[in-house]
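Shown next: upload_22.tsv, given as TSV, C-alpha atoms.
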chain	number	residue	atom	x	y	z
A	1	MET	CA	0.00	0.00	0.00
A	2	THR	CA	1.09	3.57	-0.56
A	3	THR	CA	1.01	6.22	2.14
A	4	THR	CA	-1.77	8.76	2.11
A	5	ALA	CA	-0.55	12.10	0.77
A	6	SER	CA	0.16	14.90	3.18
A	7	GLN	CA	-1.96	18.03	2.76
A	8	THR	CA	-1.46	21.47	4.27
A	9	ALA	CA	-2.82	22.14	7.74
A	10	GLY	CA	-4.21	25.40	6.36
A	11	PRO	CA	-4.87	28.58	8.32
A	12	TYR	CA	-7.72	27.32	10.51
A	13	TRP	CA	-6.05	24.47	12.39
A	14	HIS	CA	-6.53	26.43	15.66
A	15	ILE	CA	-9.91	24.74	15.91
A	16	ILE	CA	-7.92	21.83	17.40
A	17	ASP	CA	-5.58	24.05	19.41
A	18	HIS	CA	-5.20	23.59	23.15
A	19	PRO	CA	-2.92	26.39	24.35
A	20	GLU	CA	-2.10	24.51	27.55
A	21	TRP	CA	-0.24	21.90	25.50
A	22	ALA	CA	2.63	24.38	25.18
A	23	ASP	CA	3.38	23.74	28.86
A	24	LEU	CA	4.98	20.31	29.20
A	25	ARG	CA	5.24	20.70	32.96
A	26	ARG	CA	1.48	20.30	33.34
A	27	GLY	CA	-0.39	17.19	34.46
A	28	GLU	CA	1.61	14.13	35.36
A	29	ASN	CA	4.81	15.83	34.24
A	30	ALA	CA	4.46	18.33	37.07
A	31	ALA	CA	6.01	15.88	39.51
A	32	MET	CA	9.07	15.18	37.33
A	33	ALA	CA	12.44	16.42	38.53
A	34	GLY	CA	14.59	18.22	36.00
A	35	THR	CA	15.77	21.55	34.70
A	36	SER	CA	12.90	23.82	33.72
A	37	ILE	CA	13.50	25.59	30.44
A	38	THR	CA	11.65	27.75	27.97
A	39	LEU	CA	12.05	27.01	24.26
A	40	THR	CA	11.04	29.94	22.13
A	41	GLY	CA	11.66	31.36	18.68
A	42	GLN	CA	10.26	33.23	15.74
A	43	ILE	CA	9.14	31.69	12.46
A	44	THR	CA	9.64	33.78	9.34
A	45	ASP	CA	9.22	33.21	5.61
A	46	GLY	CA	11.48	33.98	2.64
A	47	ASP	CA	10.67	37.68	2.90
A	48	GLY	CA	11.39	37.77	6.61
A	49	THR	CA	7.69	38.13	7.30
A	50	PRO	CA	6.55	36.49	10.55
A	51	CYS	CA	4.38	33.40	10.11
A	52	GLY	CA	1.47	34.07	12.43
A	53	ASP	CA	-0.56	30.99	11.59
A	54	ALA	CA	1.91	28.17	12.27
A	55	MET	CA	1.43	25.16	14.48
A	56	VAL	CA	4.63	24.06	16.17
A	57	GLU	CA	4.89	20.66	17.76
A	58	ILE	CA	7.74	19.41	19.90
A	59	TRP	CA	8.72	15.87	20.75
A	60	GLN	CA	11.40	15.15	23.26
A	61	ALA	CA	12.81	12.71	25.77
A	62	GLY	CA	12.57	13.29	29.49
A	63	PRO	CA	15.44	14.49	31.69
A	64	ASP	CA	16.56	10.84	31.87
A	65	GLY	CA	16.90	10.58	28.08
A	66	ALA	CA	13.98	8.16	27.73
A	67	TYR	CA	10.87	8.70	25.63
A	68	GLU	CA	7.48	8.39	27.33
A	69	ALA	CA	8.94	6.65	30.38
A	70	GLY	CA	7.39	8.92	32.97
A	71	PHE	CA	7.78	12.18	31.07
A	72	HIS	CA	5.18	12.92	28.37
A	73	GLY	CA	7.34	14.62	25.79
A	74	PHE	CA	4.78	16.10	23.39
A	75	GLY	CA	3.79	19.74	23.09
A	76	ARG	CA	2.04	22.06	20.67
A	77	CYS	CA	2.03	25.84	20.36
A	78	ALA	CA	0.40	28.28	17.95
A	79	SER	CA	2.69	31.00	16.65
A	80	ASP	CA	1.49	34.50	17.56
A	81	ASP	CA	1.16	37.54	15.29
A	82	GLN	CA	4.93	37.99	15.43
A	83	GLY	CA	5.50	34.38	14.43
A	84	ARG	CA	6.68	33.50	17.94
A	85	PHE	CA	6.18	30.22	19.74
A	86	ARG	CA	6.98	29.49	23.38
A	87	PHE	CA	7.14	26.17	25.21
A	88	THR	CA	7.90	25.52	28.83
A	89	THR	CA	9.37	22.11	29.47
A	90	LEU	CA	12.17	20.16	31.12
A	91	LYS	CA	15.53	19.90	29.45
A	92	PRO	CA	15.84	16.45	27.84
A	93	GLY	CA	18.72	14.12	28.61
A	94	PRO	CA	21.01	12.50	26.03
A	95	VAL	CA	19.25	9.84	23.93
A	96	PRO	CA	20.76	6.61	22.54
A	97	GLY	CA	21.70	6.94	18.86
A	98	PRO	CA	22.55	4.52	16.06
A	99	GLY	CA	24.94	1.76	17.10
A	100	ASN	CA	26.55	2.60	20.40
A	101	SER	CA	26.41	6.33	19.82
A	102	LEU	CA	24.83	8.86	22.10
A	103	GLN	CA	22.75	11.76	20.82
A	104	ALA	CA	23.19	15.12	22.45
A	105	PRO	CA	20.11	16.49	24.25
A	106	HIS	CA	17.70	17.74	21.61
A	107	ILE	CA	14.06	18.57	21.03
A	108	THR	CA	12.44	17.64	17.70
A	109	LEU	CA	10.30	20.43	16.22
A	110	ALA	CA	7.67	20.02	13.51
A	111	VAL	CA	6.14	23.10	11.88
A	112	PHE	CA	2.78	22.94	10.14
A	113	ALA	CA	1.19	25.92	8.39
A	114	ARG	CA	-0.71	27.30	5.47
A	115	GLY	CA	1.60	26.96	2.49
A	116	LEU	CA	3.45	23.97	3.91
A	117	MET	CA	2.35	20.94	1.91
A	118	ASN	CA	4.00	18.72	4.49
A	119	HIS	CA	5.28	19.76	7.88
A	120	VAL	CA	8.96	20.61	8.15
A	121	THR	CA	11.02	18.95	10.84
A	122	THR	CA	14.17	20.10	12.60
A	123	ARG	CA	15.86	19.68	15.96
A	124	ALA	CA	16.76	22.17	18.64
A	125	TYR	CA	20.11	21.34	20.20
A	126	PHE	CA	21.54	23.31	23.10
A	127	ALA	CA	24.46	25.58	22.20
A	128	ALA	CA	27.70	24.94	24.09
A	129	GLU	CA	26.58	21.44	25.06
A	130	PRO	CA	29.78	19.33	24.88
A	131	LEU	CA	27.88	16.29	23.56
A	132	ASN	CA	26.97	18.26	20.41
A	133	GLU	CA	30.50	17.66	19.10
A	134	ALA	CA	29.90	13.91	18.80
A	135	ASP	CA	26.21	13.96	17.91
A	136	PRO	CA	25.63	11.55	14.97
A	137	ILE	CA	22.81	13.62	13.46
A	138	LEU	CA	24.49	17.03	13.73
A	139	ALA	CA	27.50	15.41	12.05
A	140	LEU	CA	25.34	14.95	8.91
A	141	VAL	CA	24.70	18.69	8.70
A	142	PRO	CA	27.24	20.95	6.93
A	143	GLU	CA	29.10	22.81	9.63
A	144	ALA	CA	28.18	26.23	8.25
A	145	ARG	CA	24.47	25.47	8.65
A	146	ARG	CA	24.60	23.79	12.08
A	147	PRO	CA	23.94	27.03	13.99
A	148	THR	CA	20.37	26.98	12.63
A	149	MET	CA	19.82	23.93	14.86
A	150	LEU	CA	21.51	25.34	17.96
A	151	ALA	CA	19.22	27.06	20.42
A	152	ARG	CA	20.98	29.88	22.26
A	153	GLU	CA	20.44	30.70	25.93
A	154	THR	CA	19.18	34.27	25.55
A	155	ALA	CA	18.20	34.64	29.22
A	156	PRO	CA	18.70	32.27	32.14
A	157	GLY	CA	16.76	29.12	31.24
A	158	VAL	CA	15.36	30.63	28.04
A	159	TRP	CA	16.55	28.93	24.87
A	160	THR	CA	15.85	30.62	21.55
A	161	LEU	CA	15.74	28.96	18.16
A	162	ASP	CA	14.38	31.02	15.28
A	163	ILE	CA	13.05	29.15	12.27
A	164	ARG	CA	13.62	30.59	8.80
A	165	LEU	CA	11.46	28.69	6.35
A	166	GLN	CA	13.30	30.02	3.29
A	167	GLY	CA	16.25	32.12	2.20
A	168	ALA	CA	19.33	33.45	4.01
A	169	ASP	CA	20.06	31.47	7.19
A	170	GLU	CA	17.37	29.00	6.16
A	171	THR	CA	16.84	26.47	8.92
A	172	VAL	CA	18.18	22.99	8.31
A	173	PHE	CA	15.19	20.74	7.89
A	174	LEU	CA	15.48	17.02	8.33
A	175	ASP	CA	14.05	14.32	6.08
A	176	ILE	CA	12.94	11.90	8.76
B	1	MET	CA	12.54	-3.13	13.74
B	2	THR	CA	10.09	-0.43	12.88
B	3	GLU	CA	10.78	1.21	9.57
B	4	PHE	CA	9.26	4.31	8.07
B	5	PRO	CA	10.13	4.45	4.37
B	6	ARG	CA	10.01	7.81	2.61
B	7	PRO	CA	6.89	8.34	0.44
B	8	ALA	CA	7.18	7.10	-3.16
B	9	PRO	CA	8.06	9.87	-5.66
B	10	GLY	CA	5.02	11.76	-6.91
B	11	THR	CA	2.66	10.50	-4.24
B	12	TRP	CA	3.04	13.56	-1.99
B	13	PRO	CA	2.69	17.18	-3.07
B	14	PRO	CA	5.98	19.07	-3.55
B	15	MET	CA	6.73	21.75	-0.96
B	16	ASN	CA	7.19	24.19	-3.84
B	17	SER	CA	3.78	24.16	-5.53
B	18	PRO	CA	3.56	27.62	-7.16
B	19	ALA	CA	-0.11	27.35	-8.12
B	20	TYR	CA	-0.80	27.39	-4.37
B	21	GLY	CA	0.45	30.91	-3.66
B	22	SER	CA	1.27	30.42	0.01
B	23	THR	CA	3.99	27.89	-0.81
B	24	ARG	CA	6.09	30.44	-2.68
B	25	LYS	CA	7.76	32.12	0.29
B	26	ARG	CA	7.42	29.22	2.69
B	27	HIS	CA	9.14	26.31	0.97
B	28	ALA	CA	12.78	25.65	1.85
B	29	LEU	CA	15.27	26.17	-0.95
B	30	HIS	CA	17.69	23.59	0.45
B	31	PRO	CA	16.65	19.95	0.22
B	32	PRO	CA	15.99	18.41	3.63
B	33	ILE	CA	18.84	16.36	5.08
B	34	ALA	CA	18.00	12.67	5.36
B	35	ILE	CA	18.88	11.18	8.73
B	36	PRO	CA	18.84	7.61	10.01
B	37	HIS	CA	15.86	6.96	12.21
B	38	THR	CA	16.74	7.06	15.89
B	39	LEU	CA	14.55	6.74	18.96
B	40	SER	CA	13.59	10.36	18.38
B	41	GLU	CA	11.85	9.35	15.13
B	42	THR	CA	10.69	5.80	15.92
B	43	SER	CA	9.07	6.58	19.24
B	44	ALA	CA	5.82	8.50	19.51
B	45	PRO	CA	3.80	10.34	22.12
B	46	ARG	CA	1.44	8.23	24.16
B	47	PHE	CA	-1.93	9.93	24.12
B	48	THR	CA	-3.81	8.52	27.07
B	49	PRO	CA	-7.61	8.75	26.84
B	50	SER	CA	-7.67	10.43	30.28
B	51	ALA	CA	-5.47	13.31	29.16
B	52	TYR	CA	-6.76	13.31	25.57
B	53	PRO	CA	-10.45	12.38	25.76
B	54	ALA	CA	-12.15	11.22	22.58
B	55	TYR	CA	-15.18	13.06	21.21
B	56	ALA	CA	-16.57	11.57	18.03
B	57	ASP	CA	-19.75	13.53	17.32
B	58	MET	CA	-19.48	16.94	15.65
B	59	SER	CA	-23.15	16.93	14.63
B	60	VAL	CA	-24.36	18.05	18.05
B	61	HIS	CA	-22.95	20.95	20.05
B	62	GLU	CA	-24.16	21.92	23.51
B	63	GLY	CA	-27.10	19.60	23.13
B	64	GLN	CA	-28.37	21.06	19.86
B	65	ALA	CA	-28.14	19.58	16.39
B	66	ALA	CA	-25.99	21.39	13.84
B	67	MET	CA	-27.46	22.56	10.55
B	68	GLY	CA	-26.67	20.57	7.45
B	69	GLU	CA	-26.51	17.05	6.12
B	70	ARG	CA	-25.54	14.66	8.92
B	71	ILE	CA	-22.99	12.07	7.77
B	72	ILE	CA	-20.90	9.33	9.26
B	73	VAL	CA	-17.26	9.19	8.20
B	74	GLY	CA	-15.16	6.20	9.13
B	75	GLY	CA	-12.30	4.07	7.96
B	76	ARG	CA	-9.13	2.37	9.02
B	77	VAL	CA	-5.62	3.52	9.77
B	78	LEU	CA	-3.18	1.11	8.12
B	79	ASP	CA	0.53	0.81	7.51
B	80	GLU	CA	2.10	0.18	4.11
B	81	ASP	CA	1.75	-3.58	4.57
B	82	GLY	CA	-1.98	-3.14	5.12
B	83	ARG	CA	-1.72	-3.93	8.81
B	84	PRO	CA	-3.87	-1.94	11.21
B	85	VAL	CA	-2.26	0.88	13.12
B	86	ARG	CA	-3.90	0.63	16.50
B	87	GLY	CA	-4.23	3.44	18.98
B	88	ALA	CA	-3.54	6.16	16.44
B	89	MET	CA	-4.94	9.51	17.55
B	90	LEU	CA	-6.92	11.34	14.87
B	91	GLU	CA	-7.59	15.05	15.22
B	92	ILE	CA	-10.29	16.18	12.84
B	93	TRP	CA	-11.52	19.67	11.97
B	94	GLN	CA	-13.68	21.24	9.29
B	95	ALA	CA	-15.91	24.11	8.15
B	96	ASN	CA	-19.64	24.06	8.83
B	97	ALA	CA	-22.35	23.26	6.26
B	98	ALA	CA	-22.18	26.84	4.95
B	99	GLY	CA	-18.42	26.70	4.41
B	100	ARG	CA	-17.46	28.77	7.46
B	101	TYR	CA	-14.92	27.77	10.09
B	102	HIS	CA	-15.61	28.47	13.73
B	103	HIS	CA	-12.42	30.54	13.71
B	104	MET	CA	-11.70	34.19	14.48
B	105	ARG	CA	-9.74	34.73	11.27
B	106	ASP	CA	-12.32	33.21	8.92
B	107	GLN	CA	-14.16	36.23	7.52
B	108	HIS	CA	-16.07	34.40	4.78
B	109	ASP	CA	-19.54	35.96	4.54
B	110	ALA	CA	-21.42	32.78	5.40
B	111	PRO	CA	-23.32	32.08	8.60
B	112	LEU	CA	-21.74	30.58	11.67
B	113	ASP	CA	-23.73	27.80	13.29
B	114	PRO	CA	-23.85	28.12	17.09
B	115	HIS	CA	-24.42	24.37	17.23
B	116	PHE	CA	-21.36	23.44	15.22
B	117	ALA	CA	-17.84	23.74	16.66
B	118	GLY	CA	-16.10	21.65	14.03
B	119	SER	CA	-13.58	19.40	15.72
B	120	ALA	CA	-13.34	15.77	16.81
B	121	ARG	CA	-10.74	13.48	18.34
B	122	VAL	CA	-10.87	9.70	17.98
B	123	PHE	CA	-8.53	6.75	18.33
B	124	SER	CA	-8.16	3.76	16.00
B	125	ASP	CA	-9.13	0.43	17.56
B	126	ASP	CA	-7.20	-2.85	17.43
B	127	GLU	CA	-8.22	-3.36	13.78
B	128	GLY	CA	-7.40	0.24	12.88
B	129	HIS	CA	-11.06	1.31	12.68
B	130	TRP	CA	-12.27	4.77	13.65
B	131	GLN	CA	-15.53	6.64	13.03
B	132	ILE	CA	-17.06	10.07	13.53
B	133	THR	CA	-20.47	11.65	13.07
B	134	THR	CA	-20.46	15.09	11.52
B	135	ILE	CA	-22.11	17.49	9.06
B	136	LYS	CA	-21.08	17.58	5.44
B	137	PRO	CA	-18.95	20.74	5.19
B	138	GLY	CA	-19.47	23.44	2.57
B	139	ALA	CA	-17.06	24.82	-0.01
B	140	TYR	CA	-15.65	28.31	0.58
B	141	PRO	CA	-13.68	30.97	-1.31
B	142	TRP	CA	-10.04	31.38	-0.36
B	143	GLY	CA	-8.58	34.10	-2.56
B	144	ASN	CA	-5.76	32.05	-4.09
B	145	HIS	CA	-6.86	33.05	-7.60
B	146	ALA	CA	-10.00	34.35	-9.31
B	147	LYS	CA	-13.12	32.50	-8.14
B	148	ALA	CA	-10.99	30.10	-6.13
B	149	TRP	CA	-13.11	27.93	-3.85
B	150	ARG	CA	-11.73	25.04	-1.83
B	151	PRO	CA	-13.42	21.75	-2.63
B	152	VAL	CA	-15.40	20.33	0.26
B	153	HIS	CA	-12.90	18.75	2.65
B	154	ILE	CA	-12.26	17.59	6.19
B	155	HIS	CA	-8.83	18.00	7.84
B	156	PHE	CA	-7.25	14.97	9.50
B	157	GLY	CA	-4.19	15.01	11.73
B	158	LEU	CA	-2.70	11.62	12.65
B	159	HIS	CA	-0.35	10.56	15.39
B	160	GLY	CA	0.90	7.01	14.86
B	161	GLN	CA	3.49	4.79	16.48
B	162	GLY	CA	6.55	6.83	15.54
B	163	PHE	CA	7.04	10.58	15.24
B	164	ALA	CA	8.13	9.87	11.64
B	165	GLN	CA	4.52	8.81	10.98
B	166	ARG	CA	3.07	12.13	12.09
B	167	MET	CA	1.02	13.59	9.25
B	168	ILE	CA	-1.80	15.93	8.40
B	169	THR	CA	-3.99	15.39	5.38
B	170	GLN	CA	-7.37	16.39	3.94
B	171	MET	CA	-10.25	14.15	2.94
B	172	TYR	CA	-12.30	15.17	-0.09
B	173	PHE	CA	-15.72	14.06	-1.32
B	174	PRO	CA	-16.47	12.08	-4.48
B	175	GLY	CA	-17.80	13.95	-7.52
B	176	ASP	CA	-16.78	17.42	-6.34
B	177	PRO	CA	-16.42	19.64	-9.46
B	178	LEU	CA	-13.92	21.84	-7.60
B	179	LEU	CA	-11.33	19.07	-7.26
B	180	PRO	CA	-9.64	19.44	-10.68
B	181	LEU	CA	-9.49	23.22	-10.11
B	182	ASP	CA	-7.90	23.07	-6.65
B	183	PRO	CA	-4.14	23.78	-6.46
B	184	VAL	CA	-3.83	22.03	-3.10
B	185	PHE	CA	-5.47	18.80	-4.26
B	186	MET	CA	-3.89	18.92	-7.72
B	187	ALA	CA	-0.36	19.51	-6.38
B	188	THR	CA	0.10	15.78	-5.84
B	189	PRO	CA	1.43	14.61	-9.22
B	190	ASP	CA	0.28	11.00	-9.04
B	191	ALA	CA	-3.39	10.65	-10.04
B	192	ALA	CA	-3.87	7.46	-8.01
B	193	ALA	CA	-2.44	9.18	-4.94
B	194	ARG	CA	-4.89	12.06	-5.40
B	195	GLU	CA	-7.75	9.58	-5.79
B	196	ARG	CA	-6.90	8.07	-2.40
B	197	LEU	CA	-7.60	11.45	-0.77
B	198	ILE	CA	-11.24	11.15	-1.90
B	199	ALA	CA	-13.57	9.33	0.47
B	200	LYS	CA	-15.73	6.51	-0.89
B	201	PHE	CA	-19.48	6.81	-0.56
B	202	ASP	CA	-20.23	3.75	1.56
B	203	LEU	CA	-23.66	2.63	2.71
B	204	ASP	CA	-22.01	0.26	5.19
B	205	TYR	CA	-21.35	3.33	7.31
B	206	ALA	CA	-24.85	4.73	6.78
B	207	VAL	CA	-27.51	4.45	9.47
B	208	GLU	CA	-31.11	3.90	8.38
B	209	ASN	CA	-33.19	7.11	8.49
B	210	TRP	CA	-30.34	8.95	10.17
B	211	ALA	CA	-27.14	9.54	8.18
B	212	LEU	CA	-25.32	8.59	4.99
B	213	GLY	CA	-21.76	7.25	5.19
B	214	TYR	CA	-18.33	7.75	3.71
B	215	ARG	CA	-15.20	5.62	4.08
B	216	PHE	CA	-11.72	7.11	4.27
B	217	ASP	CA	-8.82	4.71	4.84
B	218	ILE	CA	-5.55	6.35	5.80
B	219	VAL	CA	-2.17	4.71	5.20
B	220	LEU	CA	0.70	5.89	7.37
B	221	ARG	CA	4.36	5.47	6.50
B	222	GLY	CA	5.74	2.27	7.88
B	223	ARG	CA	6.10	-1.45	7.38
B	224	ASN	CA	5.79	-4.00	10.12
B	225	ALA	CA	5.00	-1.10	12.36
B	226	THR	CA	3.08	-3.49	14.55
B	227	PRO	CA	5.44	-6.15	15.92
B	228	MET	CA	4.43	-9.69	14.90
B	229	GLU	CA	4.15	-10.91	18.47
B	230	ASP	CA	1.41	-8.36	19.04
B	231	HIS	CA	-0.84	-10.05	16.48
B	232	LYS	CA	-3.59	-12.13	17.93
Please express what this file holds, its structure, as structure tokens.
Amino acid sequence: MTTTASQTAGPYWHIIDHPEWADLRRGENAAMAGTSITLTGQITDGDGTPCGDAMVEIWQAGPDGAYEAGFHGFGRCASDDQGRFRFTTLKPGPVPGPGNSLQAPHITLAVFARGLMNHVTTRAYFAAEPLNEADPILALVPEARRPTMLARETAPGVWTLDIRLQGADETVFLDI
Amino acid sequence: MTEFPRPAPGTWPPMNSPAYGSTRKRHALHPPIAIPHTLSETSAPRFTPSAYPAYADMSVHEGQAAMGERIIVGGRVLDEDGRPVRGAMLEIWQANAAGRYHHMRDQHDAPLDPHFAGSARVFSDDEGHWQITTIKPGAYPWGNHAKAWRPVHIHFGLHGQGFAQRMITQMYFPGDPLLPLDPVFMATPDAAARERLIAKFDLDYAVENWALGYRFDIVLRGRNATPMEDHK
């Protein structure tokens, strides 16, 4: 069988929005120990115009580096009029990679929007994290473009990763 | 081992689809970088029914029936080997019978229906089956080009067994004259792939003296996504 074709989420996906999903410390996650962080950024198009209708989803491991083993690692956030998204979560731990490798802490981001026939996927790594040097996925990205996947700590605990859909400093998107 | 092959060429719409104006400034100019699938791609969120309650009936809102033609839409979620994907979460949203979304930014001059909110959330069962009750949505103008109206459609978002299976699609209705004019629908090059986005009129889903039925089967990326030992 052949996979069903992707179609754009369009501009009215907010009908299924639940703003509280942008806070991954809610519910059962509230009891989890870890480092609280904010992951934020601005989404812009090829003209530098903010994308105010995007749906951003994140998927991440818990502080222990495990997926869905105590920490529910899914979140969703609507971009605002300035194209900004903002998640509050716990910093993920390193995750096992291919073979015996270890992946540096990272958060997978998927962006859906009007004009995106399929969602685009990237990862937010944490700048200055020593494990980044040996990360098997970052190693596949040309060095000059890696900064587009490195969130910067712009205030204590606030990590910023802007997403450029097109053009200069275009974000590295991953074919997963 | 779970595997999520990339879609076959031509079966998905290209990110750069100029006839759909919004793609022009939003498609990446660099090709995406293919990565081996790690736990980050092969694992998926667990959507527990307690935290993500199902609600399958869009045809009634706050105890009152919505205006329009009540229909039942159902189908199966399958992988590329035709095996059921169980426990997939489907998020579904649509315009009302007049072609208006219950959405602040939708300014189409068509009436809102106070008894239609326009979203549902359901989970596939062990055989991959899911079903909703809703109102047949209306077409609406969208300004992409002169006299551009979207064909009647329902949005479907799917969360499967790996984040690599995450996808959003649209279901269309058979016989809609707007389909060959729609840049979103027509962007998929492969005619058979487009055809699979069109629901089948299916009396098996109909309920006597109550609602007609449509079937929409959805195939997610993946082979052997359900481990053999899980099969009963």
Tell me, in Å to one decimal, how far atom CA of Lys25 of chain B is from atom CA of Gly138 of chain B.
->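 It comes out at 28.7 Å.
Residues with at least one atom no more than 10 Å from (9.4, 33.6, 19.8), using all atoms listed in the file, are Leu39, Thr40, Gly41, Gln42, Ile43, Ser79, Asp80, Gln82, Gly83, Arg84, Phe85, Arg86, Phe87, Trp159, Thr160, Leu161, Asp162 and Ile163 of chain A.
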For chain A against chain B, which residues fall within 9 Å using all atoms listed in the file, given as a PyMOL selection string?
-> chain A and resi 1-16+27+44-47+59-61+66-68+72-74+95-98+107-108+112+114-121+137+140-141+164-167+170-176
Just C-alpha atoms for this one: save the residues we selected as a tab-separated table (two decimals), in the frame of the given file.
chain	number	residue	atom	x	y	z
A	1	MET	CA	0.00	0.00	0.00
A	2	THR	CA	1.09	3.57	-0.56
A	3	THR	CA	1.01	6.22	2.14
A	4	THR	CA	-1.77	8.76	2.11
A	5	ALA	CA	-0.55	12.10	0.77
A	6	SER	CA	0.16	14.90	3.18
A	7	GLN	CA	-1.96	18.03	2.76
A	8	THR	CA	-1.46	21.47	4.27
A	9	ALA	CA	-2.82	22.14	7.74
A	10	GLY	CA	-4.21	25.40	6.36
A	11	PRO	CA	-4.87	28.58	8.32
A	12	TYR	CA	-7.72	27.32	10.51
A	13	TRP	CA	-6.05	24.47	12.39
A	14	HIS	CA	-6.53	26.43	15.66
A	15	ILE	CA	-9.91	24.74	15.91
A	16	ILE	CA	-7.92	21.83	17.40
A	27	GLY	CA	-0.39	17.19	34.46
A	44	THR	CA	9.64	33.78	9.34
A	45	ASP	CA	9.22	33.21	5.61
A	46	GLY	CA	11.48	33.98	2.64
A	47	ASP	CA	10.67	37.68	2.90
A	59	TRP	CA	8.72	15.87	20.75
A	60	GLN	CA	11.40	15.15	23.26
A	61	ALA	CA	12.81	12.71	25.77
A	66	ALA	CA	13.98	8.16	27.73
A	67	TYR	CA	10.87	8.70	25.63
A	68	GLU	CA	7.48	8.39	27.33
A	72	HIS	CA	5.18	12.92	28.37
A	73	GLY	CA	7.34	14.62	25.79
A	74	PHE	CA	4.78	16.10	23.39
A	95	VAL	CA	19.25	9.84	23.93
A	96	PRO	CA	20.76	6.61	22.54
A	97	GLY	CA	21.70	6.94	18.86
A	98	PRO	CA	22.55	4.52	16.06
A	107	ILE	CA	14.06	18.57	21.03
A	108	THR	CA	12.44	17.64	17.70
A	112	PHE	CA	2.78	22.94	10.14
A	114	ARG	CA	-0.71	27.30	5.47
A	115	GLY	CA	1.60	26.96	2.49
A	116	LEU	CA	3.45	23.97	3.91
A	117	MET	CA	2.35	20.94	1.91
A	118	ASN	CA	4.00	18.72	4.49
A	119	HIS	CA	5.28	19.76	7.88
A	120	VAL	CA	8.96	20.61	8.15
A	121	THR	CA	11.02	18.95	10.84
A	137	ILE	CA	22.81	13.62	13.46
A	140	LEU	CA	25.34	14.95	8.91
A	141	VAL	CA	24.70	18.69	8.70
A	164	ARG	CA	13.62	30.59	8.80
A	165	LEU	CA	11.46	28.69	6.35
A	166	GLN	CA	13.30	30.02	3.29
A	167	GLY	CA	16.25	32.12	2.20
A	170	GLU	CA	17.37	29.00	6.16
A	171	THR	CA	16.84	26.47	8.92
A	172	VAL	CA	18.18	22.99	8.31
A	173	PHE	CA	15.19	20.74	7.89
A	174	LEU	CA	15.48	17.02	8.33
A	175	ASP	CA	14.05	14.32	6.08
A	176	ILE	CA	12.94	11.90	8.76
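Here atom CA of Met186 of chain B stands at a distance of 27.3 Å from atom CA of Ala88 of chain B.
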Segment 110-115 of chain B: which residues within 9 Å, counting all atoms listed in the file, same-chain residues fewer than 5 positions away excluded, as a list in words?
-> Ser59, Val60, His61, Glu62, Gly63, Gln64, Ala65, Ala66, Met67, Asn96, Ala97, Ala98, Gly99, Arg100, Tyr101, His102 and Tyr140 of chain B
Looking at B:Pro189, B:Pro49, B:Pro183, B:Gly75, which one is nearest to Ala148 of chain B, with distances taken over all atoms listed in the file?
->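 Ranked by minimum distance to Ala148 of chain B, first place goes to B:Pro183.
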Do you have the atom CA of Ile58 of chain A-atom CA of Thr154 of chain A distance handy?
->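 Rounded to one decimal, the two atoms are 19.6 Å apart.
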Between A:Leu24, A:Asp64, A:Ala110, A:Asp81, which one has atoms that come closest to Thr49 of chain A, using only C-alpha atoms?
-> A:Asp81
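Proximity to Val85 of chain B at 8 Å, evaluated using only C-alpha atoms and with sequence-adjacent residues fewer than 6 positions away removed, yields Val77, Leu78, Asp79, Ser124, Asp126, Glu127, Gly128, Gly160, Gln161, Ala225 and Thr226 of chain B.
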Write segment 73-79 of chain A as a PDB file, keeping the file's coordinate frame, completed to N, CA, C and O atoms.
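Below is the file out11.pdb, written as the result:
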ATOM      1  N   GLY A  73       6.453  13.669  26.456  1.00  0.00           N
ATOM      2  CA  GLY A  73       7.340  14.620  25.790  1.00  0.00           C
ATOM      3  C   GLY A  73       6.757  15.322  24.586  1.00  0.00           C
ATOM      4  O   GLY A  73       7.499  15.743  23.702  1.00  0.00           O
ATOM      5  N   PHE A  74       5.416  15.472  24.543  1.00  0.00           N
ATOM      6  CA  PHE A  74       4.780  16.100  23.390  1.00  0.00           C
ATOM      7  C   PHE A  74       4.210  17.466  23.772  1.00  0.00           C
ATOM      8  O   PHE A  74       3.594  17.619  24.826  1.00  0.00           O
ATOM      9  N   GLY A  75       4.395  18.432  22.880  1.00  0.00           N
ATOM     10  CA  GLY A  75       3.790  19.740  23.090  1.00  0.00           C
ATOM     11  C   GLY A  75       3.390  20.373  21.777  1.00  0.00           C
ATOM     12  O   GLY A  75       3.855  19.963  20.701  1.00  0.00           O
ATOM     13  N   ARG A  76       2.500  21.346  21.869  1.00  0.00           N
ATOM     14  CA  ARG A  76       2.040  22.060  20.670  1.00  0.00           C
ATOM     15  C   ARG A  76       1.838  23.528  21.031  1.00  0.00           C
ATOM     16  O   ARG A  76       1.358  23.839  22.130  1.00  0.00           O
ATOM     17  N   CYS A  77       2.188  24.407  20.109  1.00  0.00           N
ATOM     18  CA  CYS A  77       2.030  25.840  20.360  1.00  0.00           C
ATOM     19  C   CYS A  77       1.687  26.535  19.051  1.00  0.00           C
ATOM     20  O   CYS A  77       2.288  26.260  18.006  1.00  0.00           O
ATOM     21  N   ALA A  78       0.725  27.433  19.102  1.00  0.00           N
ATOM     22  CA  ALA A  78       0.400  28.280  17.950  1.00  0.00           C
ATOM     23  C   ALA A  78       1.367  29.448  17.921  1.00  0.00           C
ATOM     24  O   ALA A  78       1.651  30.056  18.962  1.00  0.00           O
ATOM     25  N   SER A  79       1.879  29.790  16.742  1.00  0.00           N
ATOM     26  CA  SER A  79       2.690  31.000  16.650  1.00  0.00           C
ATOM     27  C   SER A  79       1.772  32.214  16.776  1.00  0.00           C
ATOM     28  O   SER A  79       0.614  32.189  16.352  1.00  0.00           O
TER      29      SER A  79
END
